[in-house]
$ cat start28.cif   # mmCIF, N, CA and C atoms
data_protein
#
loop_
_atom_site.label_atom_id
_atom_site.label_comp_id
_atom_site.auth_asym_id
_atom_site.auth_seq_id
_atom_site.Cartn_x
_atom_site.Cartn_y
_atom_site.Cartn_z
N MET A 1 -52.18 3.60 197.27
CA MET A 1 -52.39 3.09 195.94
C MET A 1 -51.31 3.67 195.03
N THR A 2 -50.32 2.90 194.80
CA THR A 2 -49.19 3.39 194.01
C THR A 2 -49.45 3.17 192.53
N GLY A 3 -49.61 4.27 191.81
CA GLY A 3 -49.76 4.21 190.37
C GLY A 3 -51.07 3.64 189.88
N GLU A 4 -51.99 3.30 190.76
CA GLU A 4 -53.27 2.76 190.33
C GLU A 4 -54.31 3.86 190.32
N ARG A 5 -55.17 3.78 189.35
CA ARG A 5 -56.26 4.74 189.27
C ARG A 5 -57.55 3.98 189.47
N VAL A 6 -58.37 4.44 190.39
CA VAL A 6 -59.63 3.77 190.68
C VAL A 6 -60.77 4.64 190.18
N ALA A 7 -61.63 4.06 189.37
CA ALA A 7 -62.78 4.80 188.85
C ALA A 7 -63.98 4.48 189.72
N GLU A 8 -64.53 5.50 190.34
CA GLU A 8 -65.75 5.32 191.11
C GLU A 8 -66.89 5.81 190.27
N CYS A 9 -67.85 4.93 189.99
CA CYS A 9 -68.98 5.29 189.17
C CYS A 9 -70.25 5.01 189.96
N ARG A 10 -71.27 5.79 189.69
CA ARG A 10 -72.51 5.65 190.45
C ARG A 10 -73.59 4.92 189.67
N GLU A 11 -73.82 5.26 188.42
CA GLU A 11 -74.87 4.62 187.63
C GLU A 11 -74.28 3.47 186.82
N PRO A 12 -74.99 2.31 186.78
CA PRO A 12 -74.45 1.17 186.02
C PRO A 12 -74.16 1.52 184.57
N ARG A 13 -75.01 2.29 183.92
CA ARG A 13 -74.77 2.63 182.51
C ARG A 13 -73.50 3.47 182.37
N VAL A 14 -73.24 4.35 183.30
CA VAL A 14 -72.06 5.20 183.26
C VAL A 14 -70.81 4.39 183.58
N ASP A 15 -70.94 3.34 184.39
CA ASP A 15 -69.79 2.51 184.76
C ASP A 15 -69.02 2.03 183.53
N TRP A 16 -69.73 1.39 182.59
CA TRP A 16 -69.06 0.86 181.41
C TRP A 16 -68.48 1.97 180.56
N GLN A 17 -69.22 3.07 180.45
CA GLN A 17 -68.72 4.19 179.65
C GLN A 17 -67.44 4.76 180.26
N GLU A 18 -67.44 4.93 181.57
CA GLU A 18 -66.24 5.46 182.23
C GLU A 18 -65.09 4.47 182.16
N LEU A 19 -65.40 3.19 182.33
CA LEU A 19 -64.36 2.17 182.23
C LEU A 19 -63.77 2.13 180.83
N THR A 20 -64.63 2.22 179.83
CA THR A 20 -64.16 2.23 178.45
C THR A 20 -63.30 3.45 178.18
N ASP A 21 -63.74 4.61 178.68
CA ASP A 21 -62.94 5.83 178.51
C ASP A 21 -61.61 5.71 179.24
N LEU A 22 -61.64 5.16 180.43
CA LEU A 22 -60.44 5.03 181.25
C LEU A 22 -59.40 4.12 180.58
N THR A 23 -59.85 3.03 179.99
CA THR A 23 -58.93 2.07 179.39
C THR A 23 -58.45 2.48 178.01
N ARG A 24 -59.14 3.42 177.39
CA ARG A 24 -58.78 3.93 176.05
C ARG A 24 -58.46 2.80 175.06
N GLY A 25 -59.31 1.79 175.07
CA GLY A 25 -59.16 0.70 174.11
C GLY A 25 -58.12 -0.34 174.48
N GLN A 26 -57.42 -0.16 175.59
CA GLN A 26 -56.42 -1.14 176.01
C GLN A 26 -57.12 -2.35 176.64
N PRO A 27 -56.57 -3.53 176.50
CA PRO A 27 -57.18 -4.72 177.12
C PRO A 27 -57.22 -4.56 178.63
N PHE A 28 -58.28 -5.09 179.24
CA PHE A 28 -58.38 -5.05 180.69
C PHE A 28 -59.04 -6.32 181.19
N VAL A 29 -58.84 -6.60 182.47
CA VAL A 29 -59.39 -7.79 183.11
C VAL A 29 -60.21 -7.33 184.30
N VAL A 30 -61.39 -7.90 184.45
CA VAL A 30 -62.24 -7.62 185.60
C VAL A 30 -61.86 -8.64 186.67
N GLU A 31 -61.58 -8.16 187.89
CA GLU A 31 -61.14 -9.08 188.95
C GLU A 31 -62.16 -9.27 190.06
N ARG A 32 -63.22 -8.45 190.06
CA ARG A 32 -64.21 -8.59 191.12
C ARG A 32 -65.57 -8.20 190.56
N VAL A 33 -66.56 -9.05 190.81
CA VAL A 33 -67.92 -8.79 190.37
C VAL A 33 -68.83 -8.95 191.58
N ARG A 34 -69.72 -7.97 191.77
CA ARG A 34 -70.68 -8.05 192.88
C ARG A 34 -72.07 -8.01 192.29
N LEU A 35 -72.90 -9.00 192.67
CA LEU A 35 -74.29 -9.03 192.23
C LEU A 35 -75.07 -8.07 193.11
N ALA A 36 -75.62 -7.04 192.52
CA ALA A 36 -76.23 -5.94 193.27
C ALA A 36 -77.37 -6.40 194.18
N ASP A 37 -78.24 -7.26 193.70
CA ASP A 37 -79.41 -7.65 194.49
C ASP A 37 -79.09 -8.57 195.66
N SER A 38 -78.08 -9.44 195.51
CA SER A 38 -77.81 -10.40 196.57
C SER A 38 -76.55 -10.07 197.37
N GLY A 39 -75.71 -9.20 196.83
CA GLY A 39 -74.47 -8.88 197.51
C GLY A 39 -73.40 -9.94 197.34
N VAL A 40 -73.67 -10.98 196.55
CA VAL A 40 -72.70 -12.03 196.31
C VAL A 40 -71.54 -11.44 195.51
N VAL A 41 -70.32 -11.77 195.94
CA VAL A 41 -69.13 -11.26 195.28
C VAL A 41 -68.34 -12.44 194.71
N VAL A 42 -67.92 -12.28 193.47
CA VAL A 42 -67.10 -13.29 192.80
C VAL A 42 -65.78 -12.63 192.45
N GLU A 43 -64.68 -13.26 192.85
CA GLU A 43 -63.36 -12.72 192.54
C GLU A 43 -62.60 -13.71 191.69
N GLY A 44 -61.79 -13.17 190.81
CA GLY A 44 -61.00 -13.99 189.89
C GLY A 44 -60.53 -13.08 188.77
N GLN A 45 -60.24 -13.64 187.63
CA GLN A 45 -59.86 -12.84 186.48
C GLN A 45 -60.80 -13.19 185.34
N PHE A 46 -61.57 -12.20 184.92
CA PHE A 46 -62.57 -12.39 183.89
C PHE A 46 -62.34 -11.38 182.78
N GLU A 47 -62.34 -11.86 181.56
CA GLU A 47 -62.27 -10.94 180.43
C GLU A 47 -63.68 -10.42 180.19
N PRO A 48 -63.81 -9.13 179.95
CA PRO A 48 -65.15 -8.60 179.66
C PRO A 48 -65.62 -9.11 178.30
N PRO A 49 -66.93 -9.11 178.08
CA PRO A 49 -67.43 -9.53 176.77
C PRO A 49 -66.87 -8.65 175.66
N GLN A 50 -66.82 -9.18 174.46
CA GLN A 50 -66.24 -8.45 173.33
C GLN A 50 -66.88 -7.08 173.14
N LEU A 51 -68.19 -7.01 173.24
CA LEU A 51 -68.86 -5.74 173.00
C LEU A 51 -68.50 -4.71 174.07
N ALA A 52 -68.21 -5.16 175.28
CA ALA A 52 -67.82 -4.23 176.35
C ALA A 52 -66.43 -3.66 176.10
N ARG A 53 -65.65 -4.33 175.27
CA ARG A 53 -64.30 -3.85 174.97
C ARG A 53 -64.30 -2.78 173.87
N LEU A 54 -65.43 -2.62 173.19
CA LEU A 54 -65.52 -1.58 172.17
C LEU A 54 -65.62 -0.22 172.83
N GLY A 55 -65.26 0.81 172.11
CA GLY A 55 -65.44 2.17 172.61
C GLY A 55 -66.92 2.47 172.79
N VAL A 56 -67.24 3.46 173.60
CA VAL A 56 -68.64 3.80 173.89
C VAL A 56 -69.40 4.11 172.60
N ASP A 57 -68.80 4.89 171.70
CA ASP A 57 -69.48 5.23 170.45
C ASP A 57 -69.80 3.99 169.64
N ASP A 58 -68.88 3.05 169.60
CA ASP A 58 -69.13 1.81 168.86
C ASP A 58 -70.18 0.95 169.56
N GLN A 59 -70.21 0.96 170.89
CA GLN A 59 -71.24 0.23 171.62
C GLN A 59 -72.61 0.78 171.28
N VAL A 60 -72.73 2.10 171.26
CA VAL A 60 -73.99 2.75 170.92
C VAL A 60 -74.38 2.39 169.48
N PHE A 61 -73.41 2.40 168.58
CA PHE A 61 -73.66 2.09 167.17
C PHE A 61 -74.17 0.65 167.03
N VAL A 62 -73.53 -0.30 167.71
CA VAL A 62 -73.94 -1.70 167.63
C VAL A 62 -75.34 -1.87 168.22
N ALA A 63 -75.62 -1.21 169.35
CA ALA A 63 -76.95 -1.29 169.96
C ALA A 63 -78.01 -0.75 169.00
N ALA A 64 -77.71 0.36 168.34
CA ALA A 64 -78.66 0.93 167.38
C ALA A 64 -78.86 -0.03 166.21
N PHE A 65 -77.81 -0.67 165.76
CA PHE A 65 -77.90 -1.61 164.65
C PHE A 65 -78.79 -2.79 165.03
N VAL A 66 -78.63 -3.31 166.23
CA VAL A 66 -79.45 -4.43 166.69
C VAL A 66 -80.91 -3.99 166.84
N ARG A 67 -81.11 -2.82 167.46
CA ARG A 67 -82.48 -2.32 167.65
C ARG A 67 -83.18 -2.03 166.33
N SER A 68 -82.41 -1.68 165.31
CA SER A 68 -83.01 -1.41 163.99
C SER A 68 -83.11 -2.69 163.16
N HIS A 69 -82.87 -3.84 163.80
CA HIS A 69 -82.95 -5.16 163.17
C HIS A 69 -82.01 -5.27 161.97
N GLY A 70 -80.87 -4.59 162.07
CA GLY A 70 -79.86 -4.68 161.02
C GLY A 70 -80.19 -3.88 159.77
N SER A 71 -81.14 -2.97 159.87
CA SER A 71 -81.53 -2.17 158.71
C SER A 71 -80.55 -1.02 158.50
N ILE A 72 -79.79 -1.11 157.44
CA ILE A 72 -78.83 -0.04 157.15
C ILE A 72 -79.58 1.24 156.79
N LYS A 73 -80.72 1.11 156.15
CA LYS A 73 -81.54 2.28 155.81
C LYS A 73 -81.96 3.02 157.08
N GLU A 74 -82.34 2.26 158.11
CA GLU A 74 -82.71 2.87 159.38
C GLU A 74 -81.49 3.50 160.07
N MET A 75 -80.35 2.85 159.96
CA MET A 75 -79.11 3.40 160.53
C MET A 75 -78.75 4.71 159.85
N GLU A 76 -78.94 4.78 158.53
CA GLU A 76 -78.69 6.03 157.80
C GLU A 76 -79.55 7.14 158.37
N ARG A 77 -80.83 6.81 158.64
CA ARG A 77 -81.76 7.80 159.18
C ARG A 77 -81.36 8.23 160.59
N ILE A 78 -81.03 7.25 161.44
CA ILE A 78 -80.69 7.54 162.84
C ILE A 78 -79.44 8.41 162.94
N PHE A 79 -78.40 8.04 162.21
CA PHE A 79 -77.12 8.72 162.34
C PHE A 79 -76.90 9.83 161.31
N GLY A 80 -77.80 9.92 160.34
CA GLY A 80 -77.69 10.98 159.34
C GLY A 80 -76.46 10.86 158.48
N VAL A 81 -76.08 9.63 158.15
CA VAL A 81 -74.91 9.41 157.30
C VAL A 81 -75.30 8.47 156.15
N SER A 82 -74.40 8.32 155.20
CA SER A 82 -74.67 7.53 154.00
C SER A 82 -74.46 6.03 154.22
N TYR A 83 -74.99 5.26 153.27
CA TYR A 83 -74.83 3.81 153.26
C TYR A 83 -73.35 3.40 153.35
N PRO A 84 -72.46 3.97 152.51
CA PRO A 84 -71.05 3.57 152.59
C PRO A 84 -70.43 3.87 153.97
N THR A 85 -70.88 4.93 154.62
CA THR A 85 -70.36 5.27 155.95
C THR A 85 -70.78 4.21 156.97
N ILE A 86 -72.05 3.79 156.90
CA ILE A 86 -72.55 2.74 157.80
C ILE A 86 -71.78 1.45 157.56
N LYS A 87 -71.64 1.05 156.29
CA LYS A 87 -70.93 -0.19 155.95
C LYS A 87 -69.48 -0.13 156.42
N SER A 88 -68.84 0.99 156.23
CA SER A 88 -67.44 1.15 156.64
C SER A 88 -67.30 1.01 158.15
N ARG A 89 -68.21 1.62 158.87
CA ARG A 89 -68.14 1.54 160.34
C ARG A 89 -68.42 0.12 160.81
N LEU A 90 -69.38 -0.55 160.22
CA LEU A 90 -69.65 -1.94 160.58
C LEU A 90 -68.43 -2.82 160.32
N LYS A 91 -67.78 -2.58 159.19
CA LYS A 91 -66.58 -3.36 158.86
C LYS A 91 -65.47 -3.11 159.88
N ARG A 92 -65.28 -1.84 160.26
CA ARG A 92 -64.24 -1.51 161.24
C ARG A 92 -64.55 -2.17 162.59
N ILE A 93 -65.80 -2.12 163.02
CA ILE A 93 -66.18 -2.74 164.30
C ILE A 93 -66.00 -4.25 164.21
N ALA A 94 -66.42 -4.85 163.09
CA ALA A 94 -66.31 -6.30 162.92
C ALA A 94 -64.87 -6.78 163.03
N GLU A 95 -63.92 -5.94 162.62
CA GLU A 95 -62.51 -6.33 162.71
C GLU A 95 -62.05 -6.48 164.16
N HIS A 96 -62.79 -5.91 165.11
CA HIS A 96 -62.43 -6.00 166.53
C HIS A 96 -63.15 -7.15 167.23
N LEU A 97 -64.00 -7.87 166.52
CA LEU A 97 -64.80 -8.92 167.13
C LEU A 97 -64.39 -10.29 166.60
N ASP A 98 -64.33 -11.26 167.51
CA ASP A 98 -64.12 -12.64 167.11
C ASP A 98 -65.49 -13.23 166.82
N PHE A 99 -65.58 -13.98 165.75
CA PHE A 99 -66.85 -14.57 165.40
C PHE A 99 -66.83 -16.06 165.68
N VAL A 100 -68.00 -16.60 166.01
CA VAL A 100 -68.14 -18.02 166.23
C VAL A 100 -68.14 -18.68 164.86
N ASP A 101 -67.29 -19.66 164.70
CA ASP A 101 -67.21 -20.38 163.44
C ASP A 101 -68.42 -21.32 163.37
N THR A 102 -69.30 -21.08 162.40
CA THR A 102 -70.50 -21.90 162.29
C THR A 102 -70.23 -23.25 161.62
N ASP A 103 -69.04 -23.41 161.06
CA ASP A 103 -68.68 -24.67 160.43
C ASP A 103 -67.23 -25.01 160.80
N PRO A 104 -67.01 -25.27 162.10
CA PRO A 104 -65.62 -25.49 162.53
C PRO A 104 -65.03 -26.76 161.96
N ALA A 105 -63.73 -26.77 161.86
CA ALA A 105 -63.02 -27.98 161.42
C ALA A 105 -63.27 -29.06 162.45
N PRO A 106 -63.35 -30.29 162.01
CA PRO A 106 -63.62 -31.37 162.96
C PRO A 106 -62.51 -31.48 164.00
N THR A 107 -62.94 -31.77 165.21
CA THR A 107 -61.97 -32.00 166.27
C THR A 107 -61.37 -33.38 166.06
N GLY A 108 -60.35 -33.70 166.82
CA GLY A 108 -59.74 -35.02 166.70
C GLY A 108 -60.76 -36.13 166.90
N ALA A 109 -61.63 -35.96 167.91
CA ALA A 109 -62.63 -36.99 168.20
C ALA A 109 -63.64 -37.10 167.05
N ALA A 110 -64.07 -35.96 166.52
CA ALA A 110 -65.04 -35.98 165.42
C ALA A 110 -64.44 -36.65 164.19
N ASP A 111 -63.15 -36.39 163.95
CA ASP A 111 -62.48 -36.99 162.81
C ASP A 111 -62.40 -38.50 162.97
N VAL A 112 -62.10 -38.96 164.17
CA VAL A 112 -62.02 -40.40 164.44
C VAL A 112 -63.38 -41.05 164.21
N VAL A 113 -64.45 -40.40 164.72
CA VAL A 113 -65.80 -40.94 164.55
C VAL A 113 -66.17 -40.98 163.06
N ASP A 114 -65.85 -39.94 162.33
CA ASP A 114 -66.14 -39.92 160.89
C ASP A 114 -65.42 -41.07 160.17
N ARG A 115 -64.16 -41.28 160.50
CA ARG A 115 -63.40 -42.37 159.86
C ARG A 115 -63.99 -43.73 160.24
N LEU A 116 -64.45 -43.84 161.48
CA LEU A 116 -65.09 -45.09 161.93
C LEU A 116 -66.37 -45.33 161.13
N ARG A 117 -67.19 -44.30 160.98
CA ARG A 117 -68.45 -44.42 160.21
C ARG A 117 -68.19 -44.82 158.76
N ARG A 118 -67.13 -44.29 158.19
CA ARG A 118 -66.81 -44.61 156.79
C ARG A 118 -66.16 -45.99 156.66
N GLY A 119 -65.88 -46.64 157.79
CA GLY A 119 -65.28 -47.97 157.76
C GLY A 119 -63.78 -47.96 157.53
N GLU A 120 -63.16 -46.78 157.67
CA GLU A 120 -61.73 -46.67 157.44
C GLU A 120 -60.91 -47.24 158.59
N ILE A 121 -61.50 -47.28 159.78
CA ILE A 121 -60.83 -47.85 160.96
C ILE A 121 -61.84 -48.68 161.73
N SER A 122 -61.32 -49.59 162.54
CA SER A 122 -62.20 -50.45 163.35
C SER A 122 -62.56 -49.73 164.65
N ALA A 123 -63.54 -50.28 165.37
CA ALA A 123 -63.95 -49.71 166.65
C ALA A 123 -62.78 -49.72 167.63
N GLU A 124 -61.98 -50.81 167.61
CA GLU A 124 -60.84 -50.90 168.50
C GLU A 124 -59.80 -49.82 168.19
N GLU A 125 -59.57 -49.61 166.88
CA GLU A 125 -58.62 -48.56 166.48
C GLU A 125 -59.13 -47.18 166.88
N ALA A 126 -60.43 -46.97 166.73
CA ALA A 126 -61.03 -45.68 167.11
C ALA A 126 -60.85 -45.45 168.61
N LEU A 127 -61.15 -46.46 169.42
CA LEU A 127 -60.98 -46.35 170.87
C LEU A 127 -59.54 -46.05 171.24
N ALA A 128 -58.63 -46.76 170.60
CA ALA A 128 -57.21 -46.54 170.88
C ALA A 128 -56.81 -45.11 170.55
N GLU A 129 -57.27 -44.59 169.42
CA GLU A 129 -56.94 -43.21 169.05
C GLU A 129 -57.55 -42.22 170.03
N LEU A 130 -58.80 -42.46 170.41
CA LEU A 130 -59.47 -41.54 171.34
C LEU A 130 -58.80 -41.56 172.71
N GLU A 131 -58.40 -42.73 173.16
CA GLU A 131 -57.73 -42.82 174.46
C GLU A 131 -56.35 -42.19 174.40
N GLY A 132 -55.69 -42.27 173.26
CA GLY A 132 -54.37 -41.69 173.09
C GLY A 132 -54.39 -40.17 173.00
N SER A 133 -55.55 -39.60 172.68
CA SER A 133 -55.63 -38.14 172.52
C SER A 133 -55.95 -37.42 173.81
N ARG A 134 -56.09 -38.13 174.90
CA ARG A 134 -56.43 -37.48 176.18
C ARG A 134 -55.27 -36.74 176.74
#
$ encode --input "start28.cif" --output "structure tokens"
Amino acid sequence: MTGERVAECREPRVDWQELTDLTRGQPFVVERVRLADSGVVVEGQFEPPQLARLGVDDQVFVAAFVRSHGSIKEMERIFGVSYPTIKSRLKRIAEHLDFVDTDPAPTGAADVVDRLRRGEISAEEALAELEGSR
């Protein structure tokens, strides 16, 4: 193994913590996954979920936030820090996460359908545009 470091971990909870420590925040790709109960192995290149890419301390913080149902008052109690400290940490963590756009811009197809509904184009023109966008 030239220049490669292999982390052997025993407990599943420790696996992610050791992997996170090992990568020190650098991007990584998972290339092999084994389902423990069935022994099924899947190989390929998979990006870990966003939360798994956070440092262990931030993962613990996010888990506590979810378990406290988003109560900053409860987070203050758990971590023994002030409201501004909790807000600052949440903001810092949020900067590392991509969010799902709840109101995305219309796709080409959605735009064509909207124009068709408004009577701006005919059904034939809509079909032609949709077929041309493939």
$ closest_atom_pairs --input "start28.cif" --of "segment 24-77 of chain A" --to "segment 91-96 of chain A" --cutoff "8 Å" --atoms "all atoms listed in the file" --output "tab-separated table"
residue	atom	partner	partner_atom	distance
A:Gln50	CA	A:His96	C	7.0
A:Leu51	N	A:His96	C	7.8
A:Leu54	CA	A:His96	CA	7.8
A:Asp58	CA	A:Ile93	CA	7.1
$ write_last_selection --input "start28.cif" --atoms "N, CA and C atoms" --output "short mmCIF file (atom, residue, chain, number, x, y, z; two decimals), keeping the file's coordinate frame"
data_model
loop_
_atom_site.label_atom_id
_atom_site.label_comp_id
_atom_site.auth_asym_id
_atom_site.auth_seq_id
_atom_site.Cartn_x
_atom_site.Cartn_y
_atom_site.Cartn_z
N GLN A 50 -66.82 -9.18 174.46
CA GLN A 50 -66.24 -8.45 173.33
C GLN A 50 -66.88 -7.08 173.14
N LEU A 51 -68.19 -7.01 173.24
CA LEU A 51 -68.86 -5.74 173.00
C LEU A 51 -68.50 -4.71 174.07
N LEU A 54 -65.43 -2.62 173.19
CA LEU A 54 -65.52 -1.58 172.17
C LEU A 54 -65.62 -0.22 172.83
N ASP A 58 -68.88 3.05 169.60
CA ASP A 58 -69.13 1.81 168.86
C ASP A 58 -70.18 0.95 169.56
#
$ select_by_dssp --input "start28.cif" --residues "segment 15-134 of chain A" --states "strand (DSSP E or B)" --output "list of chain:residue names"
A:Val30, A:Glu31, A:Arg32, A:Val33, A:Arg34, A:Val41, A:Val42, A:Glu43, A:Gly44, A:Gln45, A:Phe46
$ select_by_dssp --input "start28.cif" --residues "segment 86-123 of chain A" --states "helix (DSSP H, G or I)" --output "VMD selection string"
chain A and resid 86 to 94 108 to 117 123
$ closest_residue --input "start28.cif" --among "A:Ala109, A:Leu97, A:Leu90, A:Val42" --to "Phe65 of chain A" --atoms "only C-alpha atoms"
A:Leu90
